[in-house]
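Peer 1: Sharing protein24.csv here; it has CSV, C-alpha atoms.
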chain,number,residue,atom,x,y,z
B,6,MET,CA,54.4,22.8,-43.9
B,7,SER,CA,52.9,21.2,-40.8
B,8,ASP,CA,52.7,23.6,-37.9
B,9,LYS,CA,50.4,22.0,-35.3
B,10,LEU,CA,49.5,23.3,-31.9
B,11,ILE,CA,49.5,20.3,-29.6
B,12,ILE,CA,47.8,20.5,-26.3
B,13,ALA,CA,47.8,17.4,-24.1
B,14,GLY,CA,48.3,15.2,-27.1
B,15,ARG,CA,45.5,16.8,-29.2
B,16,GLU,CA,46.4,18.5,-32.4
B,17,PHE,CA,45.1,21.8,-33.6
B,18,THR,CA,45.8,23.9,-36.7
B,19,ASN,CA,44.5,27.3,-35.7
B,20,ARG,CA,46.3,29.2,-33.0
B,21,LEU,CA,43.4,31.6,-32.3
B,22,MET,CA,41.1,30.5,-29.5
B,23,VAL,CA,37.9,32.5,-29.2
B,24,GLY,CA,35.6,33.2,-26.4
B,25,THR,CA,31.8,33.0,-26.8
B,26,GLY,CA,30.8,35.7,-24.3
B,27,LYS,CA,29.6,39.3,-24.7
B,28,TYR,CA,28.3,39.1,-28.3
B,29,ALA,CA,25.2,41.1,-29.0
B,30,THR,CA,23.5,38.1,-30.7
B,31,MET,CA,24.1,34.4,-31.0
B,32,ASP,CA,24.3,34.9,-34.8
B,33,LEU,CA,27.2,37.4,-34.5
B,34,MET,CA,29.0,34.9,-32.2
B,35,LYS,CA,28.6,32.1,-34.7
B,36,GLN,CA,29.8,34.3,-37.6
B,37,SER,CA,32.8,35.4,-35.6
B,38,LEU,CA,33.8,31.8,-34.7
B,39,GLU,CA,33.6,31.0,-38.4
B,40,ALA,CA,35.5,34.0,-39.5
B,41,ALA,CA,38.2,33.3,-36.9
B,42,GLU,CA,38.4,29.7,-38.1
B,43,ALA,CA,38.5,28.9,-34.4
B,44,GLU,CA,38.9,25.3,-33.3
B,45,ILE,CA,38.9,25.9,-29.5
B,46,VAL,CA,36.2,28.0,-28.0
B,47,THR,CA,35.7,28.9,-24.4
B,48,VAL,CA,32.4,28.7,-22.6
B,49,ALA,CA,31.2,29.4,-19.0
B,50,VAL,CA,29.1,27.5,-16.5
B,51,ARG,CA,26.1,29.3,-15.1
B,52,ARG,CA,22.8,28.6,-13.4
B,53,MET,CA,20.1,28.2,-15.9
B,54,ASN,CA,17.4,30.9,-15.8
B,55,LEU,CA,14.4,29.1,-14.5
B,56,ASP,CA,12.0,31.9,-15.4
B,57,GLU,CA,13.2,32.6,-18.9
B,58,PRO,CA,15.2,29.6,-20.2
B,59,GLY,CA,16.1,31.5,-23.4
B,60,GLU,CA,18.3,30.1,-26.1
B,61,SER,CA,20.8,27.5,-25.4
B,62,LEU,CA,24.4,28.4,-26.4
B,63,LEU,CA,25.0,24.8,-27.5
B,64,GLU,CA,22.3,25.1,-30.2
B,65,HIS,CA,24.6,27.6,-31.9
B,66,ILE,CA,27.9,25.8,-31.6
B,67,ASP,CA,28.7,23.0,-33.9
B,68,LEU,CA,30.3,20.4,-31.6
B,69,SER,CA,31.6,18.4,-34.5
B,70,ARG,CA,33.7,21.4,-35.4
B,71,TYR,CA,34.7,23.1,-32.2
B,72,THR,CA,36.5,21.8,-29.1
B,73,LEU,CA,34.8,23.3,-26.0
B,74,LEU,CA,37.1,24.8,-23.4
B,75,PRO,CA,34.8,25.5,-20.4
B,76,ASN,CA,36.1,28.0,-17.9
B,77,THR,CA,35.7,28.5,-14.2
B,78,ALA,CA,34.9,32.2,-14.5
B,79,GLY,CA,33.0,33.4,-11.5
B,80,ALA,CA,35.1,31.4,-9.0
B,81,ALA,CA,36.8,33.5,-6.4
B,82,THR,CA,38.4,30.6,-4.6
B,83,ALA,CA,40.1,27.3,-5.4
B,84,GLU,CA,37.1,25.4,-4.0
B,85,GLU,CA,34.6,27.3,-6.2
B,86,ALA,CA,36.8,26.7,-9.3
B,87,ILE,CA,37.0,23.0,-8.5
B,88,ARG,CA,33.2,22.8,-8.2
B,89,LEU,CA,32.7,24.7,-11.5
B,90,ALA,CA,35.2,22.5,-13.2
B,91,ARG,CA,33.4,19.3,-12.1
B,92,LEU,CA,30.0,20.7,-13.2
B,93,ALA,CA,31.5,21.6,-16.6
B,94,ARG,CA,32.9,18.1,-17.0
B,95,ALA,CA,29.6,16.6,-16.0
B,96,ALA,CA,28.0,18.3,-19.1
B,97,GLY,CA,29.9,15.5,-20.9
B,98,LEU,CA,31.4,17.6,-23.7
B,99,SER,CA,35.0,18.2,-22.6
B,100,ASP,CA,37.5,17.4,-19.9
B,101,LEU,CA,39.5,20.5,-20.7
B,102,ILE,CA,39.2,23.3,-18.2
B,103,LYS,CA,40.3,26.8,-18.4
B,104,LEU,CA,41.1,27.4,-14.7
B,105,GLU,CA,40.4,30.8,-13.4
B,106,VAL,CA,40.4,31.8,-9.7
B,107,ILE,CA,39.6,35.5,-9.6
B,108,PRO,CA,38.8,37.2,-6.3
B,109,ASP,CA,39.0,40.8,-7.3
B,110,PRO,CA,36.4,42.2,-9.7
B,111,ALA,CA,38.2,45.5,-10.3
B,112,THR,CA,41.4,44.0,-11.8
B,113,LEU,CA,40.1,40.4,-12.5
B,114,LEU,CA,43.7,39.4,-11.7
B,115,PRO,CA,44.1,35.7,-10.9
B,116,ASP,CA,44.8,34.5,-7.4
B,117,VAL,CA,47.8,32.4,-8.4
B,118,VAL,CA,48.1,30.6,-5.1
B,119,GLY,CA,44.5,29.5,-5.4
B,120,THR,CA,45.0,28.6,-9.0
B,121,LEU,CA,47.9,26.4,-8.3
B,122,GLU,CA,46.0,24.7,-5.5
B,123,ALA,CA,43.0,24.0,-7.7
B,124,ALA,CA,45.2,22.9,-10.6
B,125,ARG,CA,46.9,20.2,-8.5
B,126,ILE,CA,43.5,18.8,-7.4
B,127,LEU,CA,41.9,18.9,-10.9
B,128,ILE,CA,44.9,17.3,-12.5
B,129,LYS,CA,44.7,14.5,-10.0
B,130,GLU,CA,41.1,14.1,-11.0
B,131,GLY,CA,42.1,13.7,-14.7
B,132,PHE,CA,41.2,17.1,-16.0
B,133,THR,CA,43.3,18.7,-18.7
B,134,VAL,CA,44.0,22.0,-17.0
B,135,LEU,CA,44.7,25.3,-18.9
B,136,PRO,CA,45.3,27.8,-16.1
B,137,TYR,CA,44.8,31.6,-16.5
B,138,THR,CA,47.7,33.2,-14.7
B,139,THR,CA,49.7,36.4,-14.4
B,140,ASP,CA,52.8,37.2,-16.5
B,141,ASP,CA,55.0,35.8,-13.7
B,142,PRO,CA,57.4,33.2,-15.0
B,143,ILE,CA,57.9,31.7,-11.5
B,144,ILE,CA,54.2,30.9,-11.2
B,145,ALA,CA,54.1,29.7,-14.8
B,146,ALA,CA,56.8,27.2,-14.0
B,147,LYS,CA,55.0,26.0,-10.9
B,148,LEU,CA,51.8,25.5,-12.9
B,149,GLU,CA,53.7,23.5,-15.5
B,150,ASP,CA,55.4,21.4,-12.8
B,151,ALA,CA,52.0,20.7,-11.3
B,152,GLY,CA,51.0,19.2,-14.7
B,153,ALA,CA,49.1,22.0,-16.4
B,154,ALA,CA,48.7,21.4,-20.1
B,155,THR,CA,49.4,25.0,-21.0
B,156,VAL,CA,50.0,28.2,-19.2
B,157,MET,CA,47.8,31.2,-20.1
B,158,PRO,CA,49.5,34.4,-19.0
B,159,LEU,CA,47.6,37.7,-19.4
B,160,ALA,CA,48.9,40.4,-21.7
B,161,SER,CA,46.9,42.9,-19.5
B,162,TYR,CA,43.6,43.1,-17.6
B,163,ILE,CA,40.8,40.9,-19.0
B,164,GLY,CA,38.6,42.8,-21.4
B,165,SER,CA,40.8,45.9,-21.2
B,166,GLY,CA,42.1,45.8,-24.8
B,167,ARG,CA,45.3,47.4,-23.6
B,168,GLY,CA,47.7,45.0,-25.3
B,169,PHE,CA,50.9,44.0,-23.6
B,170,SER,CA,51.8,45.7,-20.4
B,171,ASP,CA,55.2,43.9,-20.3
B,172,PRO,CA,56.1,41.8,-23.3
B,173,ALA,CA,59.5,40.9,-21.9
B,174,ARG,CA,57.9,38.9,-19.1
B,175,ILE,CA,55.8,37.0,-21.6
B,176,SER,CA,59.0,36.3,-23.5
B,177,LEU,CA,60.6,34.9,-20.4
B,178,ILE,CA,57.7,32.6,-19.7
B,179,ILE,CA,57.9,31.4,-23.3
B,180,GLU,CA,61.6,30.8,-23.1
B,181,ARG,CA,61.3,28.7,-20.0
B,182,ALA,CA,58.1,26.9,-20.7
B,183,GLY,CA,57.9,23.3,-21.9
B,184,VAL,CA,54.2,23.5,-22.5
B,185,PRO,CA,52.3,25.7,-24.9
B,186,VAL,CA,52.0,29.3,-23.8
B,187,VAL,CA,48.6,30.8,-24.6
B,188,VAL,CA,48.4,34.6,-24.2
B,189,ASP,CA,45.0,35.2,-22.7
B,190,ALA,CA,43.4,38.5,-21.8
B,191,GLY,CA,43.9,42.1,-22.7
B,192,LEU,CA,44.6,41.8,-26.4
B,193,GLY,CA,42.8,44.6,-28.3
B,194,VAL,CA,43.8,44.6,-32.0
B,195,PRO,CA,45.4,42.2,-34.5
B,196,SER,CA,48.9,43.8,-33.9
B,197,ASP,CA,48.7,42.7,-30.3
B,198,ALA,CA,47.8,39.1,-31.4
B,199,ALA,CA,50.7,39.2,-34.0
B,200,MET,CA,53.0,40.5,-31.3
B,201,ALA,CA,52.1,37.6,-29.0
B,202,MET,CA,52.9,35.1,-31.8
B,203,GLU,CA,56.1,36.9,-32.8
B,204,LEU,CA,57.3,36.6,-29.2
B,205,GLY,CA,56.8,32.8,-29.7
B,206,ALA,CA,53.5,32.2,-28.0
B,207,SER,CA,51.8,29.0,-29.1
B,208,ALA,CA,48.4,30.5,-29.3
B,209,VAL,CA,46.2,33.4,-28.1
B,210,LEU,CA,42.7,33.5,-26.6
B,211,ILE,CA,40.5,36.5,-27.5
B,212,ASN,CA,37.0,37.3,-26.5
B,213,THR,CA,36.1,40.9,-25.7
B,214,ALA,CA,38.2,42.5,-28.5
B,215,ILE,CA,36.2,40.5,-31.1
B,216,ALA,CA,32.8,40.4,-29.4
B,217,ARG,CA,32.7,44.1,-28.6
B,218,ALA,CA,34.2,45.3,-31.9
B,219,GLU,CA,31.8,47.3,-34.1
B,220,ASN,CA,31.9,44.5,-36.5
B,221,PRO,CA,32.8,41.3,-34.6
B,222,PRO,CA,33.1,38.9,-37.6
B,223,LEU,CA,35.4,41.3,-39.4
B,224,MET,CA,37.5,41.7,-36.3
B,225,ALA,CA,37.6,37.9,-35.9
B,226,GLU,CA,39.0,37.6,-39.4
B,227,ALA,CA,41.5,40.3,-38.7
B,228,MET,CA,42.6,38.6,-35.5
B,229,LYS,CA,43.0,35.3,-37.4
B,230,LEU,CA,45.3,37.0,-39.9
B,231,GLY,CA,47.2,38.8,-37.1
B,232,VAL,CA,47.9,35.5,-35.4
B,233,ARG,CA,48.9,33.9,-38.7
B,234,ALA,CA,51.2,36.7,-39.6
B,235,GLY,CA,52.8,36.7,-36.2
B,236,ARG,CA,53.3,33.0,-36.3
B,237,MET,CA,54.9,33.1,-39.7
B,238,ALA,CA,57.2,35.9,-38.6
B,239,PHE,CA,58.3,33.9,-35.6
B,240,LYS,CA,59.0,30.8,-37.8
B,241,ALA,CA,60.8,33.0,-40.3
B,242,GLY,CA,63.1,34.4,-37.7
B,243,ARG,CA,63.3,38.1,-37.2
B,244,ILE,CA,66.4,40.3,-37.7
B,245,PRO,CA,68.2,41.5,-34.6
B,246,LYS,CA,67.4,45.1,-33.6
B,247,LEU,CA,70.3,47.4,-34.3
B,248,GLU,CA,71.3,50.7,-32.6
B,249,GLN,CA,72.1,52.3,-35.9
B,250,ALA,CA,71.2,52.1,-39.6
B,251,SER,CA,72.3,49.3,-41.9
B,252,ALA,CA,72.1,50.3,-45.6
B,253,SER,CA,69.8,48.2,-47.8
B,254,SER,CA,71.6,49.2,-51.0
B,255,PRO,CA,75.2,48.2,-51.9
B,256,THR,CA,77.7,50.5,-50.1
B,257,GLY,CA,80.2,50.1,-53.0
B,258,GLY,CA,80.0,51.2,-56.6
B,259,ILE,CA,78.4,54.5,-55.8
B,260,VAL,CA,78.4,56.8,-58.8
B,261,LYS,CA,80.6,59.8,-58.1
X,15,MET,CA,7.8,21.2,1.3
X,16,ARG,CA,10.4,23.8,0.4
X,17,VAL,CA,13.5,23.2,-1.6
X,18,ILE,CA,16.0,25.7,-3.1
X,19,VAL,CA,16.6,25.6,-6.8
X,20,ASN,CA,19.3,27.9,-8.2
X,21,GLY,CA,19.0,30.0,-5.1
X,22,GLN,CA,15.2,30.3,-5.4
X,23,ASP,CA,12.7,28.9,-2.9
X,24,LYS,CA,10.3,26.4,-4.5
X,25,GLU,CA,7.2,25.1,-2.7
X,26,LEU,CA,6.6,21.5,-3.8
X,27,PRO,CA,4.2,18.7,-2.9
X,28,THR,CA,5.6,16.2,-0.5
X,29,GLY,CA,7.0,13.3,-2.3
X,30,THR,CA,8.1,15.2,-5.4
X,31,THR,CA,10.9,13.3,-7.1
X,32,LEU,CA,13.9,14.6,-8.9
X,33,GLY,CA,12.4,13.6,-12.2
X,34,GLY,CA,9.1,15.2,-11.1
X,35,LEU,CA,10.8,18.5,-10.3
X,36,MET,CA,12.4,18.6,-13.8
X,37,GLU,CA,8.9,18.1,-15.3
X,38,LEU,CA,7.5,20.8,-13.1
X,39,LEU,CA,10.2,23.3,-14.1
X,40,LYS,CA,9.9,22.1,-17.8
X,41,VAL,CA,13.6,21.5,-17.9
X,42,ASP,CA,15.0,18.8,-20.1
X,43,PRO,CA,17.5,17.0,-17.9
X,44,ARG,CA,19.7,16.2,-20.9
X,45,ARG,CA,20.3,19.9,-21.3
X,46,VAL,CA,21.4,20.8,-17.8
X,47,VAL,CA,23.8,19.5,-15.3
X,48,VAL,CA,22.1,18.7,-12.0
X,49,GLU,CA,23.8,19.2,-8.7
X,50,TYR,CA,21.7,17.8,-5.8
X,51,ASN,CA,22.9,18.7,-2.3
X,52,ARG,CA,26.3,19.3,-3.7
X,53,GLU,CA,26.5,15.9,-5.5
X,54,ILE,CA,26.8,16.1,-9.2
X,55,ILE,CA,24.5,13.7,-11.0
X,56,ASN,CA,26.1,12.5,-14.1
X,57,ARG,CA,23.9,12.4,-17.2
X,58,SER,CA,24.8,8.8,-17.9
X,59,SER,CA,23.3,7.8,-14.5
X,60,TRP,CA,20.3,10.2,-14.6
X,61,ASP,CA,17.8,7.4,-14.9
X,62,GLU,CA,19.0,5.9,-11.6
X,63,HIS,CA,18.2,9.2,-9.9
X,64,ILE,CA,14.9,10.1,-11.5
X,65,SER,CA,12.8,8.6,-8.7
X,66,ARG,CA,14.7,10.0,-5.8
X,67,GLU,CA,12.3,11.8,-3.5
X,68,LEU,CA,13.2,15.3,-2.5
X,69,LYS,CA,13.3,16.4,1.1
X,70,GLU,CA,12.6,19.7,2.9
X,71,GLY,CA,15.6,22.0,2.6
X,72,ASP,CA,17.2,20.2,-0.3
X,73,THR,CA,19.4,22.4,-2.5
X,74,LEU,CA,19.7,22.0,-6.2
X,75,GLU,CA,21.7,23.7,-8.9
X,76,LEU,CA,20.7,23.3,-12.5
X,77,VAL,CA,23.5,24.7,-14.6
X,78,GLN,CA,24.4,24.9,-18.2
X,79,LEU,CA,27.2,26.1,-20.5
X,80,VAL,CA,26.8,29.7,-21.6
X,81,GLY,CA,28.9,32.2,-23.5
X,82,GLY,CA,32.1,33.1,-21.8
X,83,GLY,CA,35.7,34.0,-22.3
Starting from the file, lay out its structure as structure tokens.

Peer 2:
Amino acid sequence: MSDKLIIAGREFTNRLMVGTGKYATMDLMKQSLEAAEAEIVTVAVRRMNLDEPGESLLEHIDLSRYTLLPNTAGAATAEEAIRLARLARAAGLSDLIKLEVIPDPATLLPDVVGTLEAARILIKEGFTVLPYTTDDPIIAAKLEDAGAATVMPLASYIGSGRGFSDPARISLIIERAGVPVVVDAGLGVPSDAAMAMELGASAVLINTAIARAENPPLMAEAMKLGVRAGRMAFKAGRIPKLEQASASSPTGGIVK
Amino acid sequence: MRVIVNGQDKELPTGTTLGGLMELLKVDPRRVVVEYNREIINRSSWDEHISRELKEGDTLELVQLVGGG
């Protein structure tokens, strides 16, 4: 059964996007991307270290296999995000951009006004924009109207592993959205990922929960299975929740 | 002549070119994105910029893709 994730006309099979940050070694990152069977992987744009150039990330990422999704992490304003997006595109590997405008280091919550502003400009410049946003359905709709290819609401704070703070709001975004909804940020365990997919999310993006697990490749595989199980359950159609019991065995023919 | 590369002051001989700076820093221009005084130099047109002479106070950013979420 074909069940493709389509983002701006591009088809993907795997619904688990994986971040490449925070791994103890490049090797662990590589193994984790493989175990997740990721197709879309996020990367960041940073100054190169002139004193100690170090290993290049791209030497460890098979570009024939993975689609790069550069982010604008580090941008506190729309202007900074636009600059980072342009730099990312100039690397010549992707015109996708995970748009993040994050002014507050304590919460890492997105500035949704700045995000919308930057999204409009980048979309005009031909970028395929995947904006990181709050779980606010009004903003999600505005981003979609502006031409965002997806909306990426947070489950909870970036890197917190807290899971969903308010799944009903994510459901509302999913119900109303005409573009794929990718739950990004705050997922901690495969049951969180499964829940996102059960709610009807099109995909999830996970970084810290894999990279900082005791065994990242094993957690990557577990997340992959969580996403898969959740997606299957969504397609299968869950039973309604009842207030009371409903017997599983026949209620007639009971031996007396 | 002093230019600023990735936030660091660099003292360079007058007449140093963009290509010369990359050699001096031992940076392969195919592996970074160069932003020169806020203008992004696309890799496809790098050869056209290689002989541009730097000036006192120029600002350059040499960036690359790194791990991120």

Peer 1: Kindly determine which residues of chain X lie within 10 Å of chain B, considering only C-alpha atoms, and give the answer as a ChimeraX atom specification.

Peer 2: /X:19-22,39-41,44-49,52-58,75-83

Peer 1: Which residues, written as a list in words, have at least one atom at most 6 Å from region 118-124 of chain B, with all atoms listed in the file counted and residues fewer than 4 positions away on the same chain left out?

Peer 2: Ala83, Val106 and Ile128 of chain B

Peer 1: In Å, with one decimal, what is the gap from CA of Asp8 (chain B) to CA of Glu42 (chain B)?

Peer 2: 15.5 Å

Peer 1: Between B:Ser196, B:Thr112, B:Ser7, B:Ser207, which residue has the minimum interatomic distance to Leu21 (chain B), considering only C-alpha atoms?

Peer 2: B:Ser207

Peer 1: Scan for residues within 12 Å of the point (32.2, 22.2, -33.4) in the coordinates of the file, using all atoms listed in the file, and reply as a list in words.

Peer 2: Lys35, Leu38, Glu39, Glu42, Ala43, Glu44, Ile45, Val46, Thr47, Leu63, Glu64, His65, Ile66, Asp67, Leu68, Ser69, Arg70, Tyr71, Thr72, Leu73, Leu74, Leu98 and Ser99 of chain B

Peer 1: So the first atom is CA of Thr138 (chain B) and the second is CA of Met157 (chain B); what is the distance between them in Å, to one decimal place?

Peer 2: 5.8 Å

Peer 1: Would you work out the distance separating CA of Asp100 (chain B) from CA of Leu135 (chain B), expressed in Å to one decimal?

Peer 2: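 Pair CA of Asp100 (chain B) / CA of Leu135 (chain B) returns 10.7 Å.
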
Peer 1: Set the distance at 7 Å and use all atoms listed in the file: which residues neighbour Arg16 (chain X) once local chain neighbours fewer than 5 positions away are removed? I'd like the list as a list in words.

Peer 2: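 In the requested format, the answer is Asp23, Lys24, Glu25, Leu26, Glu70 and Gly71 of chain X.
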
Peer 1: Rank X:Pro43, X:Met15, X:Thr73, X:Arg66 by their smallest atom-to-atom distance to Thr28 (chain X), using all atoms listed in the file, and report the top residue only.

Peer 2: X:Met15

Peer 1: Using all atoms listed in the file - which residues lie no farther than 10 Å from the point (16.5, 10.4, -11.5) in the file's frame? Write them as an NGL selection string.

Peer 2: :X and (31-36 or 43 or 55 or 57 or 59-67)

Peer 1: Residues at most 8 Å from Gly235 (chain B), counting all atoms listed in the file, excluding those fewer than 2 positions away in the same chain, as a PyMOL selection string?

Peer 2: chain B and resi 198-203+231-233+237-239

Peer 1: Could you turn the residues from that selection into a file that holds C-alpha atoms, as an mmCIF file, keeping the file's coordinate frame?

Peer 2:
data_model
loop_
_atom_site.group_PDB
_atom_site.id
_atom_site.type_symbol
_atom_site.label_atom_id
_atom_site.label_comp_id
_atom_site.auth_asym_id
_atom_site.auth_seq_id
_atom_site.Cartn_x
_atom_site.Cartn_y
_atom_site.Cartn_z
ATOM 1 C CA ALA B 198 47.800 39.100 -31.400
ATOM 2 C CA ALA B 199 50.700 39.200 -34.000
ATOM 3 C CA MET B 200 53.000 40.500 -31.300
ATOM 4 C CA ALA B 201 52.100 37.600 -29.000
ATOM 5 C CA MET B 202 52.900 35.100 -31.800
ATOM 6 C CA GLU B 203 56.100 36.900 -32.800
ATOM 7 C CA GLY B 231 47.200 38.800 -37.100
ATOM 8 C CA VAL B 232 47.900 35.500 -35.400
ATOM 9 C CA ARG B 233 48.900 33.900 -38.700
ATOM 10 C CA MET B 237 54.900 33.100 -39.700
ATOM 11 C CA ALA B 238 57.200 35.900 -38.600
ATOM 12 C CA PHE B 239 58.300 33.900 -35.600
#

Peer 1: My list of candidates is B:Pro108, B:Gly258, B:Gly168, B:Gly242. Which is closest to Asp197 (chain B) when distances are computed with only C-alpha atoms?

Peer 2: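 Closest to Asp197 (chain B), using only C-alpha atoms: B:Gly168.
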